[in-house]
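Asker: Following this line is work16.csv, made up of CSV, C-alpha atoms:
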chain,number,residue,atom,x,y,z
A,1,VAL,CA,-6.2,-0.7,10.8
A,2,ASN,CA,-6.0,2.4,8.6
A,3,ALA,CA,-9.2,3.7,7.0
A,4,CYS,CA,-10.3,7.0,5.7
A,5,VAL,CA,-12.4,8.8,3.1
A,6,ASP,CA,-10.4,9.9,0.0
A,7,VAL,CA,-11.8,13.1,-1.4
A,8,VAL,CA,-10.5,13.5,-5.0
A,9,LEU,CA,-11.0,16.8,-6.8
A,10,SER,CA,-9.3,19.5,-8.9
A,11,GLY,CA,-6.8,21.3,-6.7
A,12,VAL,CA,-7.3,24.6,-8.5
A,13,LYS,CA,-11.1,24.4,-8.1
A,14,LEU,CA,-10.8,23.7,-4.3
A,15,LEU,CA,-8.4,26.6,-3.8
A,16,GLU,CA,-10.8,28.9,-5.7
A,17,ALA,CA,-13.7,27.7,-3.6
A,18,LEU,CA,-11.7,28.5,-0.5
A,19,GLY,CA,-11.2,32.1,-1.9
A,20,LEU,CA,-7.4,31.6,-2.2
A,21,GLU,CA,-5.7,33.7,-4.9
A,22,PRO,CA,-2.9,32.3,-7.1
A,23,GLY,CA,0.7,33.3,-6.0
A,24,ASP,CA,4.2,32.1,-5.7
A,25,GLY,CA,4.9,28.5,-4.6
A,26,LYS,CA,6.9,27.6,-1.4
A,27,ASN,CA,7.5,24.2,0.1
A,28,HIS,CA,6.2,23.5,3.6
A,29,VAL,CA,7.1,20.3,5.5
A,30,VAL,CA,3.9,20.7,7.6
A,31,LEU,CA,0.9,22.8,6.6
A,32,ASN,CA,-0.1,25.2,9.4
A,33,SER,CA,-2.6,27.4,7.6
A,34,ARG,CA,-4.6,27.8,4.3
A,35,GLN,CA,-1.8,30.1,3.2
A,36,ASP,CA,0.7,27.3,3.6
A,37,LEU,CA,-1.6,25.0,1.6
A,38,ARG,CA,-1.8,27.6,-1.2
A,39,GLU,CA,2.0,28.0,-1.4
A,40,ALA,CA,2.8,24.2,-1.1
A,41,PHE,CA,0.2,23.3,-3.8
A,42,ALA,CA,1.6,25.9,-6.2
A,43,HIS,CA,5.2,24.7,-5.4
A,44,PHE,CA,4.5,21.1,-6.4
A,45,MET,CA,2.1,21.9,-9.2
A,46,GLU,CA,4.9,23.9,-10.8
A,47,LYS,CA,7.2,20.9,-10.6
A,48,GLY,CA,4.5,18.4,-11.6
A,49,ALA,CA,5.5,16.3,-8.6
A,50,ALA,CA,3.4,14.2,-6.2
A,51,ALA,CA,3.6,15.1,-2.5
A,52,GLU,CA,1.8,14.3,0.8
A,53,ARG,CA,1.6,16.7,3.8
A,54,PHE,CA,0.1,16.8,7.3
A,55,PHE,CA,-2.2,19.8,8.1
A,56,SER,CA,-1.7,20.7,11.7
A,57,ASP,CA,-4.7,22.9,12.5
A,58,ALA,CA,-7.7,20.6,13.2
A,59,GLU,CA,-10.5,23.2,12.9
A,60,ALA,CA,-9.1,24.8,9.8
A,61,PHE,CA,-8.6,21.4,8.2
A,62,HIS,CA,-12.2,20.4,9.1
A,63,HIS,CA,-13.5,23.4,7.3
A,64,ILE,CA,-11.4,22.8,4.2
A,65,ALA,CA,-12.4,19.1,4.2
A,66,GLN,CA,-16.1,20.0,4.4
A,67,THR,CA,-15.7,22.5,1.5
A,68,ALA,CA,-13.9,19.8,-0.5
A,69,SER,CA,-16.3,16.9,0.1
A,70,GLU,CA,-19.4,19.1,-0.7
A,71,HIS,CA,-17.8,20.5,-3.9
A,72,PRO,CA,-19.9,19.4,-7.0
A,73,GLY,CA,-16.7,18.1,-8.7
A,74,ALA,CA,-15.5,16.0,-5.8
A,75,GLN,CA,-15.5,12.2,-5.8
A,76,LEU,CA,-15.5,10.3,-2.5
A,77,TYR,CA,-13.9,6.9,-2.2
A,78,VAL,CA,-13.0,4.4,0.5
A,79,GLY,CA,-9.4,5.1,1.4
A,80,GLY,CA,-6.6,3.6,3.6
A,81,ASN,CA,-4.9,0.3,2.7
A,82,ALA,CA,-6.8,-1.7,5.3
A,83,ALA,CA,-10.2,-0.4,4.2
A,84,LEU,CA,-9.3,-0.9,0.5
A,85,ILE,CA,-8.2,-4.5,1.0
A,86,GLY,CA,-11.3,-5.2,3.1
A,87,GLN,CA,-13.5,-3.6,0.4
A,88,LYS,CA,-11.8,-5.7,-2.3
A,89,LEU,CA,-12.2,-9.0,-0.4
A,90,ALA,CA,-15.9,-8.0,0.5
A,91,ALA,CA,-16.7,-8.1,-3.3
A,92,ASN,CA,-16.7,-11.9,-2.8
A,93,PRO,CA,-20.3,-12.7,-1.7
A,94,ASP,CA,-19.1,-15.6,0.5
A,95,LEU,CA,-16.8,-13.6,2.7
A,96,LYS,CA,-17.4,-11.5,5.8
A,97,ILE,CA,-14.8,-8.9,6.6
A,98,LEU,CA,-14.0,-7.3,10.0
A,99,LEU,CA,-12.6,-3.8,9.6
A,100,CYS,CA,-11.2,-1.9,12.5
A,101,GLY,CA,-10.1,1.6,11.6
A,102,PRO,CA,-11.4,5.0,12.4
A,103,VAL,CA,-14.7,4.7,10.6
A,104,GLY,CA,-16.9,7.9,10.4
A,105,PRO,CA,-20.4,8.2,9.0
A,106,LYS,CA,-19.4,8.8,5.4
A,107,LEU,CA,-16.9,5.9,5.3
A,108,HIS,CA,-19.5,3.6,6.9
A,109,GLU,CA,-21.9,4.5,4.1
A,110,LEU,CA,-19.3,3.8,1.4
A,111,LEU,CA,-18.3,0.4,2.7
A,112,ASP,CA,-19.6,-2.9,1.3
A,113,ASP,CA,-22.4,-4.6,3.3
A,114,ASN,CA,-20.1,-7.6,3.9
A,115,VAL,CA,-17.8,-5.3,5.9
A,116,VAL,CA,-18.5,-5.5,9.7
A,117,VAL,CA,-17.3,-2.6,11.8
A,118,PRO,CA,-17.3,-3.0,15.6
A,119,PRO,CA,-19.0,-0.2,17.5
A,120,GLU,CA,-15.8,0.7,19.3
A,121,SER,CA,-14.3,1.5,15.9
A,122,MET,CA,-16.9,4.1,14.9
A,123,GLN,CA,-16.2,7.8,15.4
A,124,GLU,CA,-18.3,11.0,14.9
A,125,ARG,CA,-16.0,12.5,12.3
A,126,ASP,CA,-14.5,10.9,9.2
A,127,GLU,CA,-10.8,11.0,8.7
A,128,PHE,CA,-10.7,12.8,5.3
A,129,HIS,CA,-7.6,12.6,3.0
A,130,LEU,CA,-7.8,15.3,0.4
A,131,ILE,CA,-6.3,14.4,-3.0
A,132,LEU,CA,-5.9,17.6,-5.1
A,133,GLU,CA,-5.4,16.6,-8.8
A,134,TYR,CA,-4.0,18.8,-11.6
A,135,GLN,CA,-3.6,18.0,-15.3
A,136,ALA,CA,-0.6,18.4,-17.6
A,137,GLY,CA,-0.6,22.0,-18.9
A,138,GLU,CA,-3.2,23.2,-16.4
A,139,GLU,CA,-2.6,26.8,-15.2
A,140,TRP,CA,-3.2,28.6,-12.0
A,141,GLY,CA,-2.0,32.2,-12.1
A,142,ARG,CA,1.6,32.1,-13.3
A,143,VAL,CA,2.0,28.4,-12.4
A,144,ARG,CA,1.8,25.8,-15.2
A,145,ALA,CA,1.9,22.1,-14.5
A,146,PRO,CA,4.5,20.3,-16.7
A,147,ALA,CA,2.8,16.9,-15.9
A,148,ALA,CA,-0.4,15.6,-14.3
A,149,ASN,CA,-0.1,14.7,-10.6
A,150,ARG,CA,-1.7,15.1,-7.2
A,151,PHE,CA,-1.1,16.8,-3.9
A,152,ILE,CA,-2.4,15.0,-0.8
A,153,PHE,CA,-2.9,16.3,2.7
A,154,SER,CA,-4.8,15.3,5.8
A,155,HIS,CA,-5.1,16.0,9.6
A,156,ASP,CA,-5.2,12.3,10.5
A,157,LEU,CA,-4.3,11.5,14.1
A,158,SER,CA,-6.0,8.2,14.7
A,159,ASN,CA,-4.5,6.3,11.7
A,160,GLY,CA,-1.0,7.7,12.6
A,161,ALA,CA,-1.2,6.3,16.1
A,162,LEU,CA,-2.8,3.0,15.0
A,163,ASN,CA,-5.5,3.8,17.5
A,164,MET,CA,-7.7,0.9,16.5
A,165,LEU,CA,-5.2,-1.9,16.7
A,166,GLU,CA,-6.2,-3.1,20.1
A,167,VAL,CA,-9.9,-2.9,19.3
A,168,PHE,CA,-9.1,-5.1,16.2
A,169,VAL,CA,-7.2,-7.8,18.1
A,170,SER,CA,-9.8,-7.9,20.9
A,171,SER,CA,-12.6,-8.3,18.3
A,172,LEU,CA,-10.9,-11.4,16.7
A,173,GLU,CA,-12.0,-13.9,19.4
A,174,GLU,CA,-15.6,-13.4,18.6
A,175,PHE,CA,-15.1,-12.9,14.8
A,176,GLN,CA,-13.0,-16.1,14.4
A,177,PRO,CA,-11.2,-15.1,11.1
A,178,ASP,CA,-9.5,-17.4,8.7
A,179,LEU,CA,-7.0,-14.7,7.8
A,180,VAL,CA,-5.7,-11.5,9.4
A,181,VAL,CA,-4.5,-8.6,7.2
A,182,LEU,CA,-2.5,-5.8,8.8
A,183,SER,CA,-1.6,-2.5,7.3
A,184,GLY,CA,-1.0,1.1,8.4
A,185,LEU,CA,2.5,0.8,10.0
A,186,HIS,CA,3.7,3.4,7.6
A,187,MET,CA,1.2,5.9,9.0
A,188,MET,CA,3.3,6.0,12.3
A,189,GLU,CA,6.1,7.9,10.6
A,190,GLY,CA,4.3,11.1,11.4
A,191,GLN,CA,4.8,10.5,15.2
A,192,SER,CA,7.8,11.5,17.3
A,193,ARG,CA,10.6,8.9,17.5
A,194,GLU,CA,9.8,8.1,21.2
A,195,MET,CA,6.0,7.8,20.5
A,196,ARG,CA,6.6,5.7,17.5
A,197,GLN,CA,9.0,3.3,19.3
A,198,ARG,CA,6.5,2.9,22.2
A,199,ARG,CA,3.6,2.4,19.8
A,200,LEU,CA,5.5,-0.2,17.8
A,201,MET,CA,6.3,-2.2,20.9
A,202,GLU,CA,2.6,-2.1,21.9
A,203,ALA,CA,1.6,-3.1,18.3
A,204,VAL,CA,4.0,-6.1,18.5
A,205,ALA,CA,2.5,-7.2,21.8
A,206,SER,CA,-1.0,-6.9,20.3
A,207,ILE,CA,0.0,-8.9,17.2
A,208,SER,CA,1.6,-11.5,19.4
A,209,ASP,CA,-1.8,-12.1,21.0
A,210,ILE,CA,-3.3,-13.3,17.7
A,211,PRO,CA,-3.7,-17.1,17.8
A,212,THR,CA,-0.8,-18.7,15.9
A,213,ASP,CA,-3.1,-20.9,13.7
A,214,ILE,CA,-4.5,-17.7,11.9
A,215,PRO,CA,-2.2,-16.6,9.1
A,216,ILE,CA,-1.3,-12.9,9.2
A,217,HIS,CA,-0.5,-10.8,6.0
A,218,LEU,CA,1.3,-7.5,6.4
A,219,GLU,CA,0.8,-4.9,3.6
A,220,LEU,CA,3.7,-2.5,3.4
A,221,ALA,CA,3.4,1.0,2.0
A,222,SER,CA,5.7,4.0,1.2
A,223,MET,CA,8.1,4.9,4.0
A,224,THR,CA,11.0,7.3,4.4
A,225,ASP,CA,12.6,6.5,7.8
A,226,GLN,CA,15.3,3.8,7.4
A,227,ASP,CA,15.7,3.2,11.2
A,228,PHE,CA,12.0,2.6,11.6
A,229,MET,CA,11.9,0.2,8.6
A,230,SER,CA,15.0,-1.6,10.0
A,231,ASN,CA,13.2,-2.0,13.4
A,232,ILE,CA,10.1,-3.5,11.6
A,233,VAL,CA,12.3,-6.0,9.8
A,234,HIS,CA,14.9,-7.0,12.3
A,235,GLN,CA,13.4,-6.8,15.7
A,236,GLN,CA,9.8,-6.9,15.7
A,237,VAL,CA,7.2,-7.3,13.1
A,238,PHE,CA,8.5,-9.6,10.3
A,239,PRO,CA,8.9,-12.7,12.5
A,240,LEU,CA,5.3,-12.4,13.6
A,241,VAL,CA,3.6,-12.4,10.2
A,242,ASN,CA,3.3,-15.2,7.6
A,243,SER,CA,3.0,-13.1,4.5
A,244,LEU,CA,4.1,-9.7,3.1
A,245,GLY,CA,2.8,-7.6,0.2
A,246,LEU,CA,5.0,-4.8,-1.3
A,247,ASN,CA,6.0,-3.0,-4.5
A,248,GLU,CA,9.3,-2.1,-6.1
A,249,GLN,CA,9.8,1.2,-4.1
A,250,GLU,CA,9.2,-0.6,-0.8
A,251,LEU,CA,11.4,-3.5,-1.7
A,252,LEU,CA,14.4,-1.3,-2.6
A,253,PHE,CA,13.8,0.8,0.6
A,254,LEU,CA,13.7,-2.4,2.7
A,255,THR,CA,17.0,-3.7,1.4
A,256,GLN,CA,18.7,-0.3,1.8
A,257,SER,CA,17.4,0.0,5.4
A,258,ALA,CA,18.4,-3.6,6.4
A,259,ALA,CA,21.7,-3.8,4.5
A,260,GLY,CA,20.4,-6.5,2.1
A,261,PRO,CA,21.6,-7.4,-1.5
A,262,HIS,CA,21.8,-4.6,-4.1
A,263,ALA,CA,21.4,-2.0,-1.2
A,264,SER,CA,23.8,0.4,-3.1
A,265,LEU,CA,21.3,0.7,-6.0
A,266,PRO,CA,20.0,4.3,-5.5
A,267,SER,CA,16.8,3.8,-7.5
A,268,TRP,CA,15.2,1.7,-10.3
A,269,SER,CA,15.7,2.8,-13.8
A,270,GLY,CA,12.8,1.7,-15.9
A,271,ILE,CA,11.3,-1.7,-15.2
A,272,PRO,CA,12.9,-3.3,-12.1
A,273,ASP,CA,15.4,-6.0,-13.1
A,274,VAL,CA,13.8,-9.4,-12.4
A,275,GLY,CA,17.2,-10.9,-11.2
A,276,VAL,CA,17.8,-8.0,-8.8
A,277,VAL,CA,14.2,-8.2,-7.4
A,278,SER,CA,14.4,-12.0,-6.9
A,279,ASP,CA,17.8,-11.7,-5.1
A,280,ILE,CA,16.2,-9.3,-2.6
A,281,LEU,CA,13.1,-11.4,-2.2
A,282,PHE,CA,15.2,-14.5,-1.7
A,283,TRP,CA,17.3,-12.7,0.9
A,284,ILE,CA,14.2,-11.6,2.9
A,285,LEU,CA,13.0,-15.2,3.3
A,286,LYS,CA,16.5,-16.6,3.8
A,287,GLU,CA,17.5,-14.1,6.5
A,288,HIS,CA,14.1,-13.2,8.1
A,289,GLY,CA,11.8,-16.0,7.1
A,290,LYS,CA,11.0,-19.4,8.6
A,291,THR,CA,13.8,-21.9,8.7
A,292,ALA,CA,14.5,-25.0,10.9
A,293,ASP,CA,16.5,-22.9,13.4
A,294,ARG,CA,14.7,-19.5,13.3
A,295,ALA,CA,11.6,-18.6,15.2
A,296,SER,CA,9.9,-16.7,12.4
A,297,ASP,CA,6.5,-17.3,10.7
A,298,LEU,CA,7.3,-15.5,7.5
A,299,THR,CA,6.9,-17.8,4.5
A,300,ARG,CA,5.3,-15.8,1.7
A,301,ILE,CA,6.0,-12.5,-0.2
A,302,HIS,CA,3.7,-11.1,-2.9
A,303,PHE,CA,5.8,-8.6,-5.0
A,304,HIS,CA,4.1,-6.3,-7.5
A,305,THR,CA,5.4,-3.8,-9.9
A,306,LEU,CA,3.6,-2.3,-13.0
A,307,ALA,CA,5.0,-4.8,-15.5
A,308,TYR,CA,5.1,-8.1,-13.6
A,309,HIS,CA,4.4,-9.8,-10.2
A,310,ILE,CA,6.3,-12.4,-8.3
A,311,LEU,CA,5.0,-14.7,-5.6
A,312,VAL,CA,7.7,-16.2,-3.4
A,313,THR,CA,7.0,-18.9,-0.9
A,314,VAL,CA,9.0,-21.2,1.4
A,315,ASP,CA,8.3,-24.8,0.3
A,316,GLY,CA,5.7,-26.7,2.3
A,317,HIS,CA,3.6,-23.8,3.6
A,318,TRP,CA,1.5,-22.5,0.7
A,319,GLY,CA,-0.3,-24.0,-2.3
A,320,ASN,CA,-2.2,-22.7,-5.4
A,321,GLN,CA,0.6,-20.1,-6.2
A,322,VAL,CA,0.0,-20.2,-10.0
A,323,ALA,CA,-3.7,-19.2,-9.6
A,324,ALA,CA,-2.8,-16.6,-6.8
A,325,VAL,CA,-0.2,-14.7,-8.8
A,326,ALA,CA,-2.3,-14.8,-12.0
A,327,ALA,CA,-5.4,-13.5,-10.1
A,328,GLY,CA,-3.3,-10.6,-8.7
A,329,ALA,CA,-2.2,-9.7,-12.3
A,330,ARG,CA,-5.7,-10.0,-13.6
A,331,ALA,CA,-7.0,-7.6,-10.8
A,332,ALA,CA,-4.3,-5.1,-11.8
A,333,GLY,CA,-5.4,-5.0,-15.5
A,334,THR,CA,-9.2,-4.9,-14.8
A,335,GLN,CA,-9.2,-2.4,-11.9
A,336,ALA,CA,-6.9,0.1,-13.6
A,337,CYS,CA,-9.0,0.1,-16.7
A,338,ALA,CA,-12.3,-0.1,-14.7
A,339,THR,CA,-13.5,-3.2,-16.7
A,340,ASP,CA,-15.0,-6.4,-15.4
A,341,THR,CA,-12.7,-8.6,-17.5
A,342,ILE,CA,-9.4,-7.9,-19.3
A,343,ASP,CA,-10.2,-5.9,-22.5
A,344,THR,CA,-7.3,-6.7,-24.9
A,345,THR,CA,-7.8,-3.5,-26.8
A,346,LYS,CA,-7.0,-1.5,-23.6
A,347,VAL,CA,-3.9,-3.2,-22.3
A,348,PHE,CA,-0.4,-3.9,-23.4
A,349,LEU,CA,2.6,-6.0,-22.3
A,350,LYS,CA,5.5,-4.3,-20.7
A,351,ALA,CA,7.2,-7.2,-19.0
A,352,PRO,CA,10.6,-8.4,-20.2
A,353,LEU,CA,10.1,-11.5,-22.5
A,354,GLU,CA,13.5,-12.9,-21.4
A,355,PHE,CA,15.2,-12.4,-18.1
A,356,VAL,CA,17.7,-14.0,-15.7
A,357,THR,CA,16.6,-15.2,-12.3
A,358,SER,CA,19.5,-13.8,-10.3
A,359,GLN,CA,22.3,-11.2,-10.5
A,360,ILE,CA,24.3,-12.8,-7.7
A,361,GLU,CA,24.2,-16.6,-8.2
A,362,ALA,CA,24.7,-18.5,-11.4
A,363,PRO,CA,21.3,-17.7,-12.9
A,364,SER,CA,19.0,-19.6,-15.2
A,365,LYS,CA,17.7,-17.7,-18.2
A,366,ILE,CA,14.0,-17.7,-18.8
A,367,SER,CA,11.9,-17.0,-21.9
A,368,LEU,CA,8.2,-16.3,-21.5
A,369,ASN,CA,5.7,-18.6,-23.2
A,370,PRO,CA,2.4,-16.8,-23.9
A,371,ASP,CA,0.5,-20.2,-23.6
A,372,GLU,CA,1.8,-20.6,-20.0
A,373,PRO,CA,2.3,-17.1,-18.7
A,374,VAL,CA,3.2,-18.1,-15.1
A,375,VAL,CA,6.8,-19.1,-14.9
A,376,HIS,CA,8.2,-21.1,-11.9
A,377,TRP,CA,11.7,-21.5,-10.6
A,378,HIS,CA,13.3,-22.8,-7.4
A,379,ARG,CA,16.2,-21.7,-5.2
A,380,GLU,CA,17.3,-23.5,-2.0
A,381,GLY,CA,13.8,-24.5,-0.7
A,382,ILE,CA,12.1,-21.3,-1.9
A,383,SER,CA,9.7,-21.2,-4.9
A,384,PHE,CA,9.3,-18.3,-7.3
A,385,HIS,CA,6.2,-17.8,-9.4
A,386,PHE,CA,6.4,-15.0,-12.0
A,387,THR,CA,3.7,-13.5,-14.2
A,388,PRO,CA,3.6,-10.6,-16.6
A,389,VAL,CA,0.9,-8.0,-16.1
A,390,LEU,CA,-1.4,-6.8,-18.9
A,391,VAL,CA,-0.9,-3.1,-18.2
A,392,CYS,CA,-3.8,-0.7,-18.8
A,393,LYS,CA,-3.0,1.9,-21.5
A,394,ASP,CA,-5.2,4.7,-20.1
A,395,PRO,CA,-5.7,4.0,-16.4
A,396,VAL,CA,-9.0,5.3,-15.0
A,397,ARG,CA,-8.0,4.9,-11.3
A,398,THR,CA,-4.7,3.8,-9.8
A,399,VAL,CA,-5.4,4.6,-6.1
A,400,GLY,CA,-5.4,1.3,-4.1
A,401,LEU,CA,-4.2,-0.8,-7.0
A,402,GLY,CA,-1.5,-2.5,-4.9
A,403,ASP,CA,-4.1,-3.3,-2.2
A,404,ALA,CA,-6.4,-4.9,-4.8
A,405,ILE,CA,-3.5,-7.0,-6.1
A,406,SER,CA,-2.6,-8.3,-2.7
A,407,ALA,CA,-6.2,-8.9,-1.7
A,408,GLU,CA,-6.9,-11.0,-4.8
A,409,GLY,CA,-3.6,-12.9,-4.4
A,410,LEU,CA,-4.5,-13.8,-0.8
A,411,LEU,CA,-8.0,-14.9,-1.9
A,412,TYR,CA,-6.5,-17.6,-4.2
A,413,SER,CA,-3.7,-18.6,-1.8
A,414,GLU,CA,-4.0,-21.9,0.0
A,415,VAL,CA,-2.2,-22.0,3.4
A,416,TYR,CA,-1.2,-25.5,4.7
A,417,PRO,CA,-1.9,-26.1,8.4
A,418,GLN,CA,1.4,-26.5,10.2
Output the file's structure as C-alpha cells, nothing else.

Answerer:
Amino acid sequence: VNACVDVVLSGVKLLEALGLEPGDGKNHVVLNSRQDLREAFAHFMEKGAAAERFFSDAEAFHHIAQTASEHPGAQLYVGGNAALIGQKLAANPDLKILLCGPVGPKLHELLDDNVVVPPESMQERDEFHLILEYQAGEEWGRVRAPAANRFIFSHDLSNGALNMLEVFVSSLEEFQPDLVVLSGLHMMEGQSREMRQRRLMEAVASISDIPTDIPIHLELASMTDQDFMSNIVHQQVFPLVNSLGLNEQELLFLTQSAAGPHASLPSWSGIPDVGVVSDILFWILKEHGKTADRASDLTRIHFHTLAYHILVTVDGHWGNQVAAVAAGARAAGTQACATDTIDTTKVFLKAPLEFVTSQIEAPSKISLNPDEPVVHWHREGISFHFTPVLVCKDPVRTVGLGDAISAEGLLYSEVYPQ
C-alpha cells in the first residue's frame, strides 16, 4: 500500500535551482524549511553518507517538488515498495495487478497498463520522494563529497498512515487475487507511538479479513524502532502472513528486536555469514512460523543480500523453490546492470564458494558446484535453497532491487493448497 513518484536528480543542481547558496552543514532530524534542507544536505554530503528525512511544511515542499520534477536533469520513476513490486509483476503479460496506494496523476502515467488502480486510491497530488544524488569528489562551496551517495526527503503523509489499506482489502472481493503482497509497514515509523499502535491494530484487523485461501507475502524494509518491529513479529503481523521478503539489515534488526539467535552481533562485516543467516531464518520459522500446535500461517522466507539469496520453506507448503530462488538471483543481475539477460562481461561472483550451514548446531559444510548453482539442505522439517548471485560490476540502478527480487521469486513459487 505504499506508492509514490521517485524524483532522482543532482542535489547540487536542485539547490542551485532553488537559489540556495552553499554554506556550513548541520544535521536536522526533521526539515522545517529550505534552510534546513540546505544545511542537512551539506552535512551528509560532507560525510558521503545516505540519509532520509521528513519535510514538515507541505506548501514549501510542494514548491520544491515541482521545481525538482520539472528540472531538465530530473528522472522520474515509480517509487514505493508496493508500486515497485506491482510494476515488476505487471511486466508479465498474463498478470493483472491491483495496486492501492496514494496514486497521483504522474504516478498513474508511469504505471504499467496491467496495473489496475481503484478510483478510491487516486488523489489529486502525487506523493513525491526527492532523491538528491551527489558523486564522489563533487564539490558544493567548501563541501566535498568523499563518496557518492544520496539524500532523500519527502512530505508523505498518506503512505505513513497506510491510508489505502482498507481500500485495498475492500477491493479484493471484486478483484479475486491469487496472491496478496503487502508492504509499507516501515512507513509508519514517522507516526507518534499512540497513532502507530492504533494504526497497526487496525491494519491487523484489515489483514485478518483477507480470505485464508489467498497467500499473503509481506515485504519488510529498513526500520529503526525495535519496539515496533517486536510488535510486528510477536503479537500481530507475522502469524497472519504466509511469506516474508527481507535483506541482511532487516534480518539482523529483526533478531535484535525479538531476542533471536546472534542478536548480540552489532552489524555485518563484509558478506553476511551463511551459517549465521540460516540460524536466524530457521529460528523465525521455528518460533513464529506454522507448526502443528501454533496458529501461524508463516511458511516461507525469501532472504536476499548482494552476494547470495536463500529461500527457506516449511515442508509441505511450497514447491518449485529451485526455480524461484534462481529467478530472484537472475533478476538482481539483470536489473542492476539494466540488461535483458545476464551479460557475463558485466557481472562477477562474490558469494563464498564454501560455507557451513549453521553456527549453532553441528553444521554440514557445503561447496558450490557451478553446474548446479542452487544448493539445498534440510533442518527439522525446514528446507533451505541457496544460490549465489551474479553481481553487477557497475550498477546502473539499485533502487527497488530487493522488490524486484521478491516479486520474481514469488512469480515462480508454487503454493500448495492446504

Asker: By how many Å are CA of Ala58 in chain A and CA of Gly184 in chain A apart?

Answerer: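 Distance between the two atoms: 21.2 Å.
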
Asker: Tell me, as a PyMOL selection string, which residues lie within 9 Å of Val143 in chain A, counting all atoms listed in the file; anything in the same chain fewer than 4 positions away does not count.

Answerer: chain A and resi 22-25+42-43+45-46+138-139

Asker: Identify, on the basis of all atoms listed in the file, every residue whose closest approach to Asn231 in chain A does not exceed 10 Å; exclude the query and any residue fewer than 3 positions from it along the same chain; express the result as an MDAnalysis selection string.

Answerer: chainID A and resid 197 200 226:228 234:238 257:258

Asker: Generate the output file for the selected residues, C-alpha atoms, as a short mmCIF file (atom, residue, chain, number, x, y, z; two decimals), in the frame of the given file.

Answerer:
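part-v3.cif was written with the following content:
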data_model
loop_
_atom_site.label_atom_id
_atom_site.label_comp_id
_atom_site.auth_asym_id
_atom_site.auth_seq_id
_atom_site.Cartn_x
_atom_site.Cartn_y
_atom_site.Cartn_z
CA GLN A 197 9.00 3.30 19.30
CA LEU A 200 5.50 -0.20 17.80
CA GLN A 226 15.30 3.80 7.40
CA ASP A 227 15.70 3.20 11.20
CA PHE A 228 12.00 2.60 11.60
CA HIS A 234 14.90 -7.00 12.30
CA GLN A 235 13.40 -6.80 15.70
CA GLN A 236 9.80 -6.90 15.70
CA VAL A 237 7.20 -7.30 13.10
CA PHE A 238 8.50 -9.60 10.30
CA SER A 257 17.40 0.00 5.40
CA ALA A 258 18.40 -3.60 6.40
#

Asker: Between A:Leu240, A:Gly79, A:Arg125, A:Ile360, which is the closest to Val204 in chain A once you count only C-alpha atoms?

Answerer: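 Among A:Leu240, A:Gly79, A:Arg125, A:Ile360, it is A:Leu240 that comes nearest to Val204 in chain A.
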
Asker: Identify, on the basis of only C-alpha atoms, every residue whose closest approach to Glu354 in chain A does not exceed 9 Å; exclude the query and any residue fewer than 3 positions from it along the same chain; express the result as a VMD selection string.

Answerer: chain A and resid 351 365 to 368

Asker: My list of candidates is A:Glu173, A:Glu361, A:Glu59, A:Asp112. Which is closest to Phe282 in chain A when distances are computed with all atoms listed in the file?

Answerer: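 Going through A:Glu173, A:Glu361, A:Glu59, A:Asp112 one by one, the smallest distance to Phe282 in chain A is for A:Glu361.
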
Asker: With distances taken over only C-alpha atoms, which residue among A:Asp279, A:Gly270, A:Val8, A:Thr224 lies nearest Phe253 in chain A?

Answerer: A:Thr224

Asker: May I ask for the distance between CA of His378 in chain A and CA of Asp213 in chain A, given in Å to one decimal place?

Answerer: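 Separation of CA of His378 in chain A and CA of Asp213 in chain A: 26.8 Å.
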
Asker: Which one of A:Asp6, A:Leu251, A:Gly48, A:Ser230 sits closest to Gly137 in chain A if you count only C-alpha atoms?

Answerer: A:Gly48

Asker: I'd like the interatomic distance between CA of Leu220 in chain A and CA of Cys4 in chain A, to a tenth of an Å.

Answerer: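 Here the two named atoms are 17.1 Å from each other.
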
Asker: Measuring between all atoms listed in the file, which one of A:Ala295, A:Arg300, A:Val115, A:Asn2 shows the shortest distance to Leu165 in chain A?

Answerer: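 Checking each candidate against Leu165 in chain A, we get A:Asn2 as the closest.
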
Asker: Against range 82-96 of chain A, which residues of range 142-185 of chain A fall within 8 Å? For each one I want the closest pair of atoms and the distance in Å (one decimal), counting all atoms listed in the file, rows by chain and increasing residue number, as a Markdown table.

Answerer:
| residue | atom | partner | partner_atom | distance |
| --- | --- | --- | --- | --- |
| A:Val181 | CA | A:Ala82 | CA | 7.5 |
| A:Leu182 | CA | A:Ala82 | CA | 6.9 |
| A:Ser183 | CA | A:Ala82 | CA | 5.6 |
| A:Gly184 | CA | A:Ala82 | CA | 7.1 |

Asker: May I ask which of the residues A:Gln191, A:Val78, A:Ser171, A:Asn149 is the closest one to Val116 in chain A, counting only C-alpha atoms?

Answerer: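 Of A:Gln191, A:Val78, A:Ser171, A:Asn149, the one nearest Val116 in chain A, counting only C-alpha atoms, is A:Ser171.
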
Asker: Counting all atoms listed in the file, which residues come within 10 Å of (-8.9, 29.5, 2.1), with the point read in the file's coordinates, and could you list them as a count of residues only?

Answerer: 18

Asker: For the contact check between range 241-317 of chain A and range 401-406 of chain A, emit one row per residue of range 241-317 of chain A within 8 Å, containing the shortest atom pair and the distance in Å rounded to one decimal, counting only C-alpha atoms, chain then rising number order, as CSV.

Answerer:
residue,atom,partner,partner_atom,distance
A:Gly245,CA,A:Ser406,CA,6.2
A:Leu246,CA,A:Gly402,CA,7.8
A:Asn247,CA,A:Gly402,CA,7.5
A:His302,CA,A:Ser406,CA,6.9
A:His304,CA,A:Gly402,CA,7.2

Asker: Write the selection just made, keeping C-alpha atoms, as a PDB file, in the coordinates of the input?

Answerer:
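Dumped everything to selection35.pdb:
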ATOM      1  CA  GLY A 245       2.800  -7.600   0.200  1.00  0.00           C
ATOM      2  CA  LEU A 246       5.000  -4.800  -1.300  1.00  0.00           C
ATOM      3  CA  ASN A 247       6.000  -3.000  -4.500  1.00  0.00           C
ATOM      4  CA  HIS A 302       3.700 -11.100  -2.900  1.00  0.00           C
ATOM      5  CA  HIS A 304       4.100  -6.300  -7.500  1.00  0.00           C
TER       6      HIS A 304
END

Asker: For Asp297 in chain A, find every residue with an atom within 7 Å (counting all atoms listed in the file), except residues of its own chain fewer than 3 positions away, and show them as a list in words.

Answerer: Pro239, Leu240, Val241, Asn242, Gly289 and Lys290 of chain A
